[in-house]
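Next up, upload-v2.cif (mmCIF, C-alpha atoms):
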```cif
data_model
#
loop_
_atom_site.group_PDB
_atom_site.id
_atom_site.type_symbol
_atom_site.label_atom_id
_atom_site.label_comp_id
_atom_site.auth_asym_id
_atom_site.auth_seq_id
_atom_site.Cartn_x
_atom_site.Cartn_y
_atom_site.Cartn_z
ATOM 1 C CA MET A 1 95.479 114.234 107.799
ATOM 2 C CA LEU A 2 97.053 111.980 105.168
ATOM 3 C CA TRP A 3 100.477 113.517 105.692
ATOM 4 C CA ALA A 4 100.113 113.432 109.480
ATOM 5 C CA GLY A 5 99.371 109.702 109.316
ATOM 6 C CA LEU A 6 102.266 109.137 106.941
ATOM 7 C CA LEU A 7 104.693 111.068 109.155
ATOM 8 C CA ILE A 8 103.576 109.221 112.281
ATOM 9 C CA ALA A 9 103.848 105.834 110.564
ATOM 10 C CA SER A 10 107.285 106.739 109.189
ATOM 11 C CA ALA A 11 108.539 107.938 112.577
ATOM 12 C CA GLY A 12 107.117 104.815 114.205
ATOM 13 C CA CYS A 13 108.747 102.468 111.690
ATOM 14 C CA TYR A 14 112.089 104.194 112.283
ATOM 15 C CA ALA A 15 111.598 104.082 116.071
ATOM 16 C CA LEU A 16 111.012 100.303 115.927
ATOM 17 C CA LYS A 17 114.339 99.815 114.116
ATOM 18 C CA LEU A 18 116.203 102.113 116.491
ATOM 19 C CA ALA A 19 114.629 100.386 119.496
ATOM 20 C CA GLY A 20 115.912 97.026 118.220
ATOM 21 C CA LEU A 21 119.453 98.399 117.971
ATOM 22 C CA SER A 22 119.317 100.346 121.234
ATOM 23 C CA LEU A 23 117.283 98.526 123.869
ATOM 24 C CA PRO A 24 119.013 96.050 126.181
ATOM 25 C CA GLN A 25 119.145 92.718 124.334
ATOM 26 C CA SER A 26 117.296 90.882 127.088
ATOM 27 C CA TRP A 27 114.150 92.998 126.614
ATOM 28 C CA LEU A 28 113.374 91.574 123.207
ATOM 29 C CA GLN A 29 114.841 88.100 123.768
ATOM 30 C CA ASP A 30 111.650 86.849 125.418
ATOM 31 C CA GLU A 31 110.673 83.621 123.685
ATOM 32 C CA ARG A 32 107.083 84.672 123.055
ATOM 33 C CA ILE A 33 108.148 87.924 121.428
ATOM 34 C CA GLN A 34 110.763 86.112 119.340
ATOM 35 C CA ARG A 35 108.121 83.649 118.253
ATOM 36 C CA THR A 36 105.156 85.954 117.690
ATOM 37 C CA VAL A 37 106.715 88.913 115.887
ATOM 38 C CA PRO A 38 107.843 86.947 112.784
ATOM 39 C CA LEU A 39 104.286 85.581 112.445
ATOM 40 C CA ILE A 40 102.742 89.067 112.177
ATOM 41 C CA PRO A 41 104.031 89.843 108.662
ATOM 42 C CA VAL A 42 102.973 86.359 107.513
ATOM 43 C CA ALA A 43 99.388 87.003 108.620
ATOM 44 C CA LEU A 44 99.243 90.607 107.423
ATOM 45 C CA LEU A 45 100.770 89.932 104.000
ATOM 46 C CA ALA A 46 98.427 86.966 103.467
ATOM 47 C CA ALA A 47 95.446 89.111 104.483
ATOM 48 C CA LEU A 48 96.579 91.831 102.076
ATOM 49 C CA VAL A 49 96.883 89.309 99.232
ATOM 50 C CA ALA A 50 93.390 87.979 99.927
ATOM 51 C CA THR A 51 91.584 91.296 100.405
ATOM 52 C CA GLN A 52 93.256 93.061 97.486
ATOM 53 C CA THR A 53 92.502 90.164 95.146
ATOM 54 C CA PHE A 54 88.942 89.282 96.110
ATOM 55 C CA SER A 55 87.305 92.608 96.929
ATOM 56 C CA THR A 56 86.334 95.977 95.538
ATOM 57 C CA GLY A 57 85.409 98.378 98.308
ATOM 58 C CA HIS A 58 83.206 96.391 100.669
ATOM 59 C CA GLU A 59 82.096 93.769 98.177
ATOM 60 C CA LEU A 60 83.664 90.397 97.624
ATOM 61 C CA VAL A 61 84.287 89.906 93.915
ATOM 62 C CA LEU A 62 85.886 87.277 91.738
ATOM 63 C CA ASP A 63 87.453 88.830 88.648
ATOM 64 C CA VAL A 64 90.615 88.740 86.523
ATOM 65 C CA ARG A 65 92.716 89.588 89.586
ATOM 66 C CA ALA A 66 92.212 86.006 90.839
ATOM 67 C CA ALA A 67 93.677 84.645 87.600
ATOM 68 C CA ALA A 68 96.493 87.198 87.857
ATOM 69 C CA LEU A 69 97.256 86.002 91.384
ATOM 70 C CA ALA A 70 97.365 82.389 90.197
ATOM 71 C CA VAL A 71 99.927 83.355 87.552
ATOM 72 C CA ALA A 72 101.913 85.275 90.185
ATOM 73 C CA ALA A 73 101.840 82.188 92.426
ATOM 74 C CA ILE A 74 103.272 80.066 89.614
ATOM 75 C CA ALA A 75 106.002 82.673 89.091
ATOM 76 C CA VAL A 76 106.784 82.581 92.818
ATOM 77 C CA VAL A 77 107.012 78.770 92.811
ATOM 78 C CA LEU A 78 109.385 79.012 89.836
ATOM 79 C CA ARG A 79 111.484 81.431 91.929
ATOM 80 C CA ALA A 80 111.057 84.289 89.485
ATOM 81 C CA PRO A 81 112.483 87.665 90.562
ATOM 82 C CA PHE A 82 110.179 90.107 92.362
ATOM 83 C CA LEU A 83 109.578 92.342 89.356
ATOM 84 C CA VAL A 84 108.773 89.374 87.103
ATOM 85 C CA VAL A 85 106.160 88.151 89.605
ATOM 86 C CA VAL A 86 104.498 91.573 89.723
ATOM 87 C CA ALA A 87 104.703 92.146 85.959
ATOM 88 C CA SER A 88 103.295 88.702 85.138
ATOM 89 C CA ALA A 89 100.253 89.410 87.312
ATOM 90 C CA ALA A 90 99.660 92.825 85.752
ATOM 91 C CA ALA A 91 100.098 91.434 82.224
ATOM 92 C CA THR A 92 97.637 88.598 82.935
ATOM 93 C CA ALA A 93 94.985 91.023 84.173
ATOM 94 C CA ALA A 94 95.536 93.365 81.231
ATOM 95 C CA LEU A 95 95.344 90.548 78.652
ATOM 96 C CA LEU A 96 92.207 89.014 80.164
ATOM 97 C CA ARG A 97 90.499 92.415 80.113
ATOM 98 C CA LEU A 98 91.306 92.758 76.418
ATOM 99 C CA ILE A 99 89.529 89.495 75.575
ATOM 100 C CA MET B 1 109.421 105.200 105.711
ATOM 101 C CA PHE B 2 112.073 102.814 104.437
ATOM 102 C CA THR B 3 110.635 99.337 104.867
ATOM 103 C CA GLY B 4 108.956 98.090 101.712
ATOM 104 C CA ALA B 5 106.156 95.910 103.026
ATOM 105 C CA SER B 6 104.952 98.700 105.342
ATOM 106 C CA GLN B 7 105.089 101.218 102.532
ATOM 107 C CA PHE B 8 103.113 98.997 100.136
ATOM 108 C CA ALA B 9 100.612 98.101 102.840
ATOM 109 C CA MET B 10 99.925 101.702 103.840
ATOM 110 C CA VAL B 11 99.345 102.702 100.230
ATOM 111 C CA GLY B 12 97.233 99.562 99.701
ATOM 112 C CA VAL B 13 94.956 100.202 102.687
ATOM 113 C CA ILE B 14 94.426 103.867 101.853
ATOM 114 C CA GLY B 15 93.982 103.057 98.156
ATOM 115 C CA ALA B 16 91.280 100.514 99.019
ATOM 116 C CA GLY B 17 89.336 103.203 100.880
ATOM 117 C CA GLY B 18 90.694 102.585 104.368
ATOM 118 C CA SER B 19 91.437 105.402 106.777
ATOM 119 C CA VAL B 20 94.945 106.785 106.979
ATOM 120 C CA TRP B 21 95.108 105.532 110.581
ATOM 121 C CA ALA B 22 94.253 101.951 109.613
ATOM 122 C CA GLY B 23 97.012 102.268 107.013
ATOM 123 C CA ALA B 24 99.466 103.646 109.555
ATOM 124 C CA ALA B 25 98.646 100.905 112.063
ATOM 125 C CA THR B 26 99.185 98.202 109.434
ATOM 126 C CA ALA B 27 102.497 99.760 108.412
ATOM 127 C CA LEU B 28 103.655 99.863 112.037
ATOM 128 C CA LEU B 29 102.613 96.259 112.687
ATOM 129 C CA LEU B 30 104.561 95.134 109.633
ATOM 130 C CA GLY B 31 107.504 97.152 110.922
ATOM 131 C CA THR B 32 107.676 95.315 114.256
ATOM 132 C CA ARG B 33 109.899 92.612 112.771
ATOM 133 C CA ASN B 34 112.590 95.224 112.127
ATOM 134 C CA ALA B 35 112.964 95.619 115.909
ATOM 135 C CA LEU B 36 113.941 91.954 116.134
ATOM 136 C CA TYR B 37 116.358 92.373 113.235
ATOM 137 C CA GLY B 38 117.857 95.283 115.185
ATOM 138 C CA VAL B 39 118.450 93.007 118.165
ATOM 139 C CA ARG B 40 120.323 90.529 115.986
ATOM 140 C CA LEU B 41 122.332 93.254 114.278
ATOM 141 C CA SER B 42 123.285 95.378 117.278
ATOM 142 C CA SER B 43 126.141 93.163 118.485
ATOM 143 C CA LEU B 44 127.254 92.513 114.896
ATOM 144 C CA LEU B 45 127.432 96.173 113.892
ATOM 145 C CA GLY B 46 128.750 97.656 117.113
ATOM 146 C CA VAL B 47 127.413 101.123 116.310
ATOM 147 C CA ARG B 48 127.006 103.969 118.803
ATOM 148 C CA ARG B 49 125.223 107.324 118.897
ATOM 149 C CA LEU B 50 125.079 109.023 115.498
ATOM 150 C CA ARG B 51 126.162 105.961 113.526
ATOM 151 C CA ARG B 52 123.491 103.955 115.312
ATOM 152 C CA ALA B 53 120.858 106.551 114.394
ATOM 153 C CA GLY B 54 121.986 106.237 110.769
ATOM 154 C CA ALA B 55 122.244 102.459 110.808
ATOM 155 C CA ALA B 56 118.710 102.159 112.219
ATOM 156 C CA GLN B 57 117.128 103.433 109.013
ATOM 157 C CA PHE B 58 118.855 100.616 107.087
ATOM 158 C CA VAL B 59 117.551 97.799 109.327
ATOM 159 C CA ILE B 60 115.319 95.832 106.917
ATOM 160 C CA ASP B 61 114.885 92.256 105.627
ATOM 161 C CA GLU B 62 117.582 92.497 102.969
ATOM 162 C CA THR B 63 120.333 94.158 105.030
ATOM 163 C CA THR B 64 119.754 91.751 107.930
ATOM 164 C CA ALA B 65 119.845 88.714 105.649
ATOM 165 C CA MET B 66 123.061 89.938 103.970
ATOM 166 C CA ALA B 67 124.768 90.837 107.267
ATOM 167 C CA ILE B 68 124.010 87.707 109.297
ATOM 168 C CA ALA B 69 125.098 85.426 106.438
ATOM 169 C CA ARG B 70 128.744 86.668 106.723
ATOM 170 C CA ASP B 71 131.395 84.748 108.658
ATOM 171 C CA ASN B 72 133.020 87.628 110.522
ATOM 172 C CA ALA B 73 131.966 90.992 111.931
ATOM 173 C CA GLY B 74 133.970 93.011 109.396
ATOM 174 C CA ASP B 75 132.292 91.380 106.405
ATOM 175 C CA ALA B 76 128.924 91.628 108.144
ATOM 176 C CA ARG B 77 129.334 95.382 108.609
ATOM 177 C CA PHE B 78 130.386 95.873 105.023
ATOM 178 C CA ALA B 79 127.433 93.777 103.783
ATOM 179 C CA PHE B 80 125.036 95.753 105.962
ATOM 180 C CA TRP B 81 126.181 99.217 104.901
ATOM 181 C CA ALA B 82 126.656 98.344 101.211
ATOM 182 C CA THR B 83 123.262 96.661 100.922
ATOM 183 C CA GLY B 84 121.604 99.420 102.925
ATOM 184 C CA LEU B 85 123.092 102.267 100.923
ATOM 185 C CA ALA B 86 122.394 100.653 97.545
ATOM 186 C CA LEU B 87 118.813 99.713 98.407
ATOM 187 C CA PHE B 88 118.045 103.041 100.095
ATOM 188 C CA THR B 89 119.204 104.975 97.049
ATOM 189 C CA LEU B 90 117.556 102.823 94.392
ATOM 190 C CA TRP B 91 114.360 102.237 96.349
ATOM 191 C CA ASN B 92 113.711 105.928 96.896
ATOM 192 C CA LEU B 93 114.678 106.734 93.329
ATOM 193 C CA GLY B 94 112.162 104.127 92.176
ATOM 194 C CA THR B 95 109.502 105.577 94.459
ATOM 195 C CA LEU B 96 110.131 109.060 93.075
ATOM 196 C CA ILE B 97 109.922 107.844 89.470
ATOM 197 C CA GLY B 98 106.696 106.015 90.293
ATOM 198 C CA ALA B 99 105.193 109.076 91.962
ATOM 199 C CA LEU B 100 106.007 111.280 88.976
ATOM 200 C CA ALA B 101 105.356 108.804 86.163
ATOM 201 C CA THR B 102 101.996 107.385 87.201
ATOM 202 C CA HIS B 103 100.349 110.782 86.642
ATOM 203 C CA ALA B 104 100.989 110.207 82.957
ATOM 204 C CA LEU B 105 99.057 106.913 82.894
ATOM 205 C CA PRO B 106 95.525 107.264 81.495
ATOM 206 C CA ASN B 107 93.904 104.166 83.016
ATOM 207 C CA PRO B 108 95.977 102.017 85.389
ATOM 208 C CA LYS B 109 93.317 99.275 85.386
ATOM 209 C CA LEU B 110 93.681 98.746 81.638
ATOM 210 C CA LEU B 111 97.343 97.914 82.215
ATOM 211 C CA GLY B 112 96.448 95.465 84.970
ATOM 212 C CA PHE B 113 98.017 97.640 87.654
ATOM 213 C CA ASP B 114 95.262 96.734 90.121
ATOM 214 C CA ALA B 115 96.503 93.114 89.984
ATOM 215 C CA ALA B 116 100.083 94.154 90.786
ATOM 216 C CA PRO B 117 99.788 94.860 94.555
ATOM 217 C CA PRO B 118 98.474 91.381 95.512
ATOM 218 C CA ALA B 119 101.277 89.830 93.457
ATOM 219 C CA ALA B 120 103.813 92.061 95.223
ATOM 220 C CA PHE B 121 102.457 91.072 98.634
ATOM 221 C CA LEU B 122 102.570 87.407 97.605
ATOM 222 C CA ALA B 123 106.208 87.751 96.547
ATOM 223 C CA LEU B 124 107.026 89.338 99.912
ATOM 224 C CA LEU B 125 105.099 86.596 101.733
ATOM 225 C CA ALA B 126 106.512 83.556 99.900
ATOM 226 C CA PRO B 127 110.006 83.465 101.516
ATOM 227 C CA ARG B 128 108.331 83.406 104.963
ATOM 228 C CA LEU B 129 106.333 80.244 104.217
ATOM 229 C CA ARG B 130 109.064 77.621 104.450
ATOM 230 C CA ALA B 131 107.363 75.666 107.247
ATOM 231 C CA ARG B 132 103.917 74.246 107.938
ATOM 232 C CA GLU B 133 102.984 76.692 110.681
ATOM 233 C CA PRO B 134 103.417 79.945 108.719
ATOM 234 C CA MET B 135 101.678 78.315 105.761
ATOM 235 C CA ALA B 136 98.655 77.462 107.928
ATOM 236 C CA ILE B 137 98.667 80.941 109.449
ATOM 237 C CA ALA B 138 98.796 82.559 106.008
ATOM 238 C CA ILE B 139 95.798 80.572 104.755
ATOM 239 C CA ALA B 140 93.814 81.230 107.931
ATOM 240 C CA ALA B 141 94.669 84.944 107.816
ATOM 241 C CA GLY B 142 93.514 85.244 104.207
ATOM 242 C CA VAL B 143 90.223 83.495 104.933
ATOM 243 C CA VAL B 144 89.520 85.517 108.093
ATOM 244 C CA ALA B 145 90.308 88.817 106.353
ATOM 245 C CA VAL B 146 87.982 88.066 103.438
ATOM 246 C CA ILE B 147 85.171 86.961 105.773
ATOM 247 C CA CYS B 148 85.480 90.157 107.858
ATOM 248 C CA LEU B 149 85.784 92.467 104.890
ATOM 249 C CA PRO B 150 82.101 93.185 104.078
ATOM 250 C CA PHE B 151 81.268 94.038 107.689
ATOM 251 C CA VAL B 152 84.017 96.365 108.908
ATOM 252 C CA PRO B 153 85.677 99.556 107.580
ATOM 253 C CA ALA B 154 88.401 99.065 104.960
ATOM 254 C CA GLY B 155 91.754 98.213 106.485
ATOM 255 C CA VAL B 156 90.232 96.856 109.695
ATOM 256 C CA PRO B 157 90.317 93.180 108.560
ATOM 257 C CA LEU B 158 94.103 93.494 108.621
ATOM 258 C CA LEU B 159 94.073 94.733 112.196
ATOM 259 C CA ILE B 160 91.734 91.909 113.245
ATOM 260 C CA VAL B 161 94.096 89.390 111.680
ATOM 261 C CA ALA B 162 97.095 90.999 113.415
ATOM 262 C CA VAL B 163 95.405 90.793 116.817
ATOM 263 C CA LEU B 164 94.446 87.144 116.239
ATOM 264 C CA VAL B 165 97.941 86.088 115.207
ATOM 265 C CA ALA B 166 99.479 87.937 118.167
ATOM 266 C CA LEU B 167 97.103 86.128 120.524
ATOM 267 C CA TYR B 168 97.943 82.836 118.842
ATOM 268 C CA GLY B 169 101.681 83.442 119.059
ATOM 269 C CA ALA B 170 101.549 84.485 122.708
ATOM 270 C CA SER B 171 99.364 81.584 123.787
ATOM 271 C CA SER B 172 100.613 78.592 121.819
ATOM 272 C CA LEU B 173 103.590 76.408 122.567
ATOM 273 C CA PRO B 174 106.540 76.659 120.164
ATOM 274 C CA THR B 175 106.880 72.881 120.197
ATOM 275 C CA LEU B 176 103.363 72.364 118.859
ATOM 276 C CA TRP B 177 104.535 72.402 115.241
ATOM 277 C CA GLY B 178 108.099 71.451 115.929
ATOM 278 C CA GLY B 179 109.299 74.672 114.294
ATOM 279 C CA ARG B 180 111.666 77.368 115.475
ATOM 280 C CA PRO B 181 111.168 81.073 114.855
ATOM 281 C CA GLU B 182 112.331 81.900 111.341
ATOM 282 C CA GLY B 183 115.018 84.382 110.440
ATOM 283 C CA PRO B 184 114.388 87.283 108.095
ATOM 284 C CA GLY B 185 112.614 86.538 104.831
ATOM 285 C CA GLY B 186 114.672 86.077 101.713
ATOM 286 C CA ASP B 187 115.492 88.798 99.269
ATOM 287 C CA PRO B 188 112.378 89.573 97.222
ATOM 288 C CA HIS B 189 114.246 91.642 94.642
#
```

Translate the structure described by the file into structure tokens.
Amino acid sequence: MLWAGLLIASAGCYALKLAGLSLPQSWLQDERIQRTVPLIPVALLAALVATQTFSTGHELVLDVRAAALAVAAIAVVLRAPFLVVVASAAATAALLRLI
Amino acid sequence: MFTGASQFAMVGVIGAGGSVWAGAATALLLGTRNALYGVRLSSLLGVRRLRRAGAAQFVIDETTAMAIARDNAGDARFAFWATGLALFTLWNLGTLIGALATHALPNPKLLGFDAAPPAAFLALLAPRLRAREPMAIAIAAGVVAVICLPFVPAGVPLLIVAVLVALYGASSLPTLWGGRPEGPGGDPH
């Protein structure tokens, strides 16, 4: 089941790219599509940040991950590279758990 | 699957207890932007048949950003293929190392690894927030997802948020916020 879902998602992600390269340009030039599609990752990534920081299973929780996210946000504002952002969050959570 | 945000999201949803199908749907929704990148790249690359099938796998944020920033088609093609090949190789190598190495870790939580995914998603999100509208959408999406979370199966808050933003995008006027659709996000690496 897991692998079936992974294969379908992988094939679908590839098909989306190929469709963009292959379909007649006018099909995807519609203003609403052009406007809406870039907003989808914004909403989904923000929702992922929120749910993965403030929940465990079905419960809302406030723990060291919130502090880790704050540190990551500072790193992002300072234009730190991707890996530095991720590592600073992990290090913050690890240190706070030690205390 | 070679499109980082989708890959992270699918693992994130399944890791948080969501069904594989909720994970797959989230990955596909995040992949929709690559179709628009394909539209922008198709005239630039001028690829047909087999080369097009190969080029398609490389259509991601980074290759699009590198290609459309060039002045002429020749440079754009070189930027696309060079970026694509380098990222494809290193990304998959990194994934393989991660898959093999994490088995050796005793307790990922002790190392703060559970705080890493939200930070990664934030780093992927940040380059897309250079206007008021996406910023407002991001905040609203985070709030809605957290409010929904206790009441629906894991992974479903993401799908609710995706439906809401699609409805918003299809119904609202582009001039409302005075913004134009953004190009691909910056390079998160």

| task | Might you spell out which residues the PyMOL selection byres ((chain A) within 7 of (chain B)) would select in the displayed file, as a PyMOL selection string? | result | chain A and resi 2+5-6+9-10+12-14+16-21+25+32+34-53+57-59+65+68-69+72+76+81-82+85-87+89-91+93-94

| task | Would you work out the distance separating atom CA of B:Arg70 from atom CA of B:Gly84, expressed in Å to one decimal? | result |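 Computing the Euclidean distance for atom CA of B:Arg70 and atom CA of B:Gly84 yields 15.1 Å.
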
| Do you have the atom CA of A:Ala80-atom CA of A:Leu60 distance handy? |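 Answer for the atom CA of A:Ala80 to atom CA of A:Leu60 separation: 29.2 Å.
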
| said: If I take atom CA of B:Phe88 and atom CA of A:Trp3, how far is one from the other in Å, to one decimal? | reply: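 About the pair atom CA of B:Phe88 and atom CA of A:Trp3: they are 21.2 Å apart.
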
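Contact shell of B:Thr63 at 9 Å (all atoms listed in the file; same-chain neighbours under 6 positions omitted): Ala79, Phe80, Trp81, Ala82, Thr83, Gly84 and Leu87 of chain B.
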
Restricted to C-alpha atoms, what would the selected residues look like written as a PDB file, keeping the file's coordinate frame?
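Output file out_8.pdb is given in full below:
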```pdb
ATOM      1  CA  ALA B  79     127.433  93.777 103.783  1.00  0.00           C
ATOM      2  CA  PHE B  80     125.036  95.753 105.962  1.00  0.00           C
ATOM      3  CA  TRP B  81     126.181  99.217 104.901  1.00  0.00           C
ATOM      4  CA  ALA B  82     126.656  98.344 101.211  1.00  0.00           C
ATOM      5  CA  THR B  83     123.262  96.661 100.922  1.00  0.00           C
ATOM      6  CA  GLY B  84     121.604  99.420 102.925  1.00  0.00           C
ATOM      7  CA  LEU B  87     118.813  99.713  98.407  1.00  0.00           C
TER       8      LEU B  87
END
```

| message | Here is a test: counting all atoms listed in the file, which residue of B:Leu85, B:Leu50, B:Val156, B:Leu93 is nearest to B:Glu62? | response |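 When distances to B:Glu62 are compared using all atoms listed in the file, the smallest one comes from B:Leu85.
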
| note | Across A:Met1, A:Val61, A:Ser88, A:Pro24, the smallest distance to A:Ala73, with only C-alpha atoms counted, is shown by A:Ser88
